[in-house]
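Okay, structure first, notes after.
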Amino acid sequence: MAKARRRPKAQRRSFFRSTVSVSFVLLPPLLAASALAALLELEAIENTLDNKFQGERWSFPSKIYSDSYPVFSGMKVDSGAFKGRLIRLGYRSSPDAPSRPGEFRFTREPHRLDLWLNSFEYPSYREKGRLLRMDLDSAGRVMTMFDQSADGEIYSFFLEPGLIAGVHGEAREERREMTLDEIPTALVRAVVAVEDRRFFDHAGVDLRGLGRALLVNISSGSVQQGGSTLTQQLMKNFFLSSERSISRKLREAAMAMVAERRYSKYEILENYLNEIYLGQDGASAIHGVWEAAKFYFGREPADLSVAQMATIAGLIRAPNYYSPHRHPDRAEQRRNVVLDLMHRQGDIDDATYAAALAEKMDAVDPPKPAIEAPYFVDFVRDELLDRYPREVLTSEGYRIFTSLDAELQTIAERVVRDNLEEIEQDIGEAIERAGGQALQAALIAINPRTGAIRAMVGGRDYGESQFNRATESRRQPGSTFKPIVMLAALGSEHVGAVHMLPTTKVLDAKFEWKYEGQVWSPSNYENKFYGEVTVREVIEHSLNSATARIAHSVGIVPIRDLAVRLGMDPQMQAFPAIVLGGWEVPPFELAKVFGVFANGGMAATPISVKKVIDRKGGLVEGHRLEMKRVIPAADAYLVTHLLEGVMERGTGAGARRKGFRHPAAGKTGTSNDYKDAWFAGYTPDLLAVVWVGFDRKAGMGLAGSEAALPIWTDFMRQALADAPHRTFDVPEGVVLVDIDEETGGRAVRDCHKVIRESFLAGEEPRELCPEHALF
């Protein structure tokens with residue numbers, strides 16, 4: 001196929017300007033007037049065409065994607081979670097070795113994964129679609145990786161981001177623009193062969209083609225061929241309705257001839273291949289060959305087989321009638337017609353023709369978003385609308401790459417739904433007292449090292465309620481505030497009136513706190529008191545009275561100021577009840593506080609949008625890791641070490657009973673009258689906060705350990721199923737010492753209750769256990 005070149009703008013002279021003077025000189029007055037009217041119409045057509053061809057021809061919806069996923073040596077890939085990632089991205093399991101992009105195969109002997117990556121563009125690199133081989137050990141972990149395309153060993157790669165949602169305007173059209181040079185030659189030839197074989201010979205209207213189509217249709221007794229050229233079809237799609245009338249056809253022909261005079265075949269064909277309607281995806285129209293290739297075959301045009309290209313070309317006449325999704329037999333028959341035309345015209349040779357005819361119609365299922373994360377999508381849209389006008393987001397075709405992990409989001413939505421259904425079966429009376437409300441929950445998961453939001457669930461059913469409880473609902477956090485009290489008491493900054501150690505003894509008994517002419521007297525769970533206890537025991541067993549006593553000694557103002565520094569609401573008032581969660585916060589805010597503890601005292605700015613890329617691949621905005629020191633690393637570790645004890649011996653021990661084994665730290669929370677149940681916990685790499693309650697505040701009769709902890713546990717157990725067990729790093733300035741639990745002295749061989757405790761360097765006990773040491 002000879003390449004049609006772009007016509008220089010200087011050659012686009014006006015047909016009106018070049019002929020109007022001749023009309024006036026040579027024609028009688030009446031005919032001259034008619035000619036003038038016709039030429040004025042042609043001038044209007046020229047202006048219309050120029051506005052379309054040289055301006056913004058289409059609106060492109062922006063697309064929101066999940067994060068890419070790194071795969072590296074040592075990672076477990078022979079697992080349900082990893083296979084789920086592949087399937088969600090549209091990969092297909094193959095019984096044989098992968099033969100094209102988007103296929104994978106696991107084998108047992110030898111234990112191996114063969115994976116042909118899809119090609120994709122990410123802000124910082126392009127994946128060309130390599131065929132990879134991964135040799136696995138008996139546990140399914142990657143031992144070695146080979147790029148079979150380049151015959152070399154590699155050590156990592158990325159799975160592509162998955163589409164989450166589009167940002168549409170009123171016209172729901174899916175389209176991605178391509179230049180003619182980017183479209184495979186065989187696909188261009190297939191379209192020309194079946195739609196306008198004389199495209200490069202006519203001047204917009206093909207009289208020979210019209211006559212041939214008329215004869216074929218008369219002889220067959222039905223419409224087998226159309227007489228419109230590609231240029232005429234483009235004019236109709238760009239400017240005209242589908243009305244069947246002589247006047248519309250005449251205007252279409254006139255516009256086509258003017259277009260051919262003013263624009264090159266290259267420009268007309270490129271516009272046609274990007275404009276043509278090729279099917280329907282629900283409420284969204286599929287336009288252009290790039291979108292059709294992804295919609296019907298799950299790959300980019302460059303990765304299509306000749307048979308698949310012929311299928312797309314065959315759709316143009318009647319996309320829904322010949323849809324390979326709905327009518328594969330019709331699609332195959334139509335494809336074979338296109339292949340026959342290509343073969344007879346010399347576009348493909350005998351071998352290619354035979355192979356394409358033998359190829360099965362293997363359209364993939366209509367693509368769905370990799371995940372549905374509606375609350376997160378709303379959060380991202382709101383964030384973007386603060387920076388861009390809505391019309392930009394709905395028309396400029398931005399690709400918005402987010403921090404969301406598709407697999408973690410799927411897990412989060414599932415565990416929230418399943419656990420709420422199970423809880424509701426046990427609290428029927430509470431639901432009746434709450435007026436029949438459905439129980440709600442929120443979950444937010446963040447990588448504490450980067451601030452990347454990895455999963456977000458704002459409620460149990462987005463269809464029923466779009467209110468995002470993860471970011472907008474302010475509820476009392478209960479005892480999840482207590483780690484801040486412990487930080488104020490133990491930290492190296494000595495922010496309060498007293499300084500304590502994890503082994504400091506505190507009285508847990510009825511306590512009254514007098515302030516501003518009022519008296520506040522908190523009680524423990526089930527109104528039980530335990531006498532003299534250590535600071536560690538206070539946090540592990542969530543003792544309210546002893547916590548209030550510690551806070552009273554430290555001072556409420558420094559505790560409030562420390563809470564704000566960690567990320568809580570600057571409007572927080574300094575009154576005693578805040579130390580037991582009396583100030584309302586959204587889960588997102590609490591996640592930021594616990595993120596400081598998890599990240600060694602550093603606050604990583606939460607990120608939902610990582611990069612925004614325009615249609616041409618240019619960077620519109622990018623977000624780098626932003627971090628600042630909030631508290632000393634040693635102080636953060638003291639809190640983490642206390643919260644590890646919560647998981648092992650305290651109110652979070654239910655996670656261990658449910659099989660969660662990763663090193664972790666966390667804290668339960670329950671507000672007054674059991675209206676709110678919380679759990680906030682983290683490993684070195686993943687933090688999650690869960691809230692459970694009724695929207696219209698009413699008691700559930702369940703504590704945080706009973707309602708929120710099971711959701712957190714199920715989420716973390718599944719999210720980290722294939723991850724290695726990493727311990728928290730011990731920073732400089734902290735020493736770990738084995739002590740006797742009862743005496744607080746250094747443990748010796750005969751001590752029966754020994755615990756490894758953390759201390760700021762220089763504050764560790766020097767004396768041996770007085771009960772068991774030999775003097």
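We name chains A, B, ... following the order of the structure tokens; residues begin at 1 in each chain, and ligands are numbered from 1 as shown.
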Using DSSP secondary structure from the backbone, list all helix (DSSP H, G or I) positions within range 51-292 of chain A, as an MDAnalysis selection string.
chainID A and resid 51:54 80:88 180:182 185:195 207:220 230:239 246:262 265:275 289:292
Please run DSSP on the backbone and report, as an NGL selection string, all residues within range 64-97 of chain A that come out as strand (DSSP E).
:A and (64-65 or 69-72 or 92-93)
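Using only C-alpha atoms, the nearest neighbour of Leu619 in chain A within the list A:Ile739, A:Val564, A:Ile400, A:Ile427 is A:Ile400.
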Which residue gives the smallest distance to Asp426 in chain A among A:Ala441, A:Ala551, A:Cys751, A:Ala707, with only C-alpha atoms counted?
A:Ala707
Of the listed residues A:Arg189, A:Gly428, A:Ala577, A:Gly745, that which approaches Gln345 in chain A most closely, counting only C-alpha atoms
A:Arg189
Within 6 Å of range 479-493 of chain A: each range 499-575 of chain A residue with its shortest pair, only C-alpha atoms, as a Markdown table:
| residue | atom | partner | partner_atom | distance |
| --- | --- | --- | --- | --- |
| A:His499 | CA | A:Ala489 | CA | 5.3 |
| A:Met500 | CA | A:Leu490 | CA | 5.2 |
| A:Leu501 | CA | A:Leu490 | CA | 5.8 |
So, with only C-alpha atoms as the atoms that count, which of A:Glu537, A:Glu626, A:Glu706, A:Glu516 lies closest to Arg649 in chain A?
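Selected residue with least distance to Arg649 in chain A: A:Glu537.
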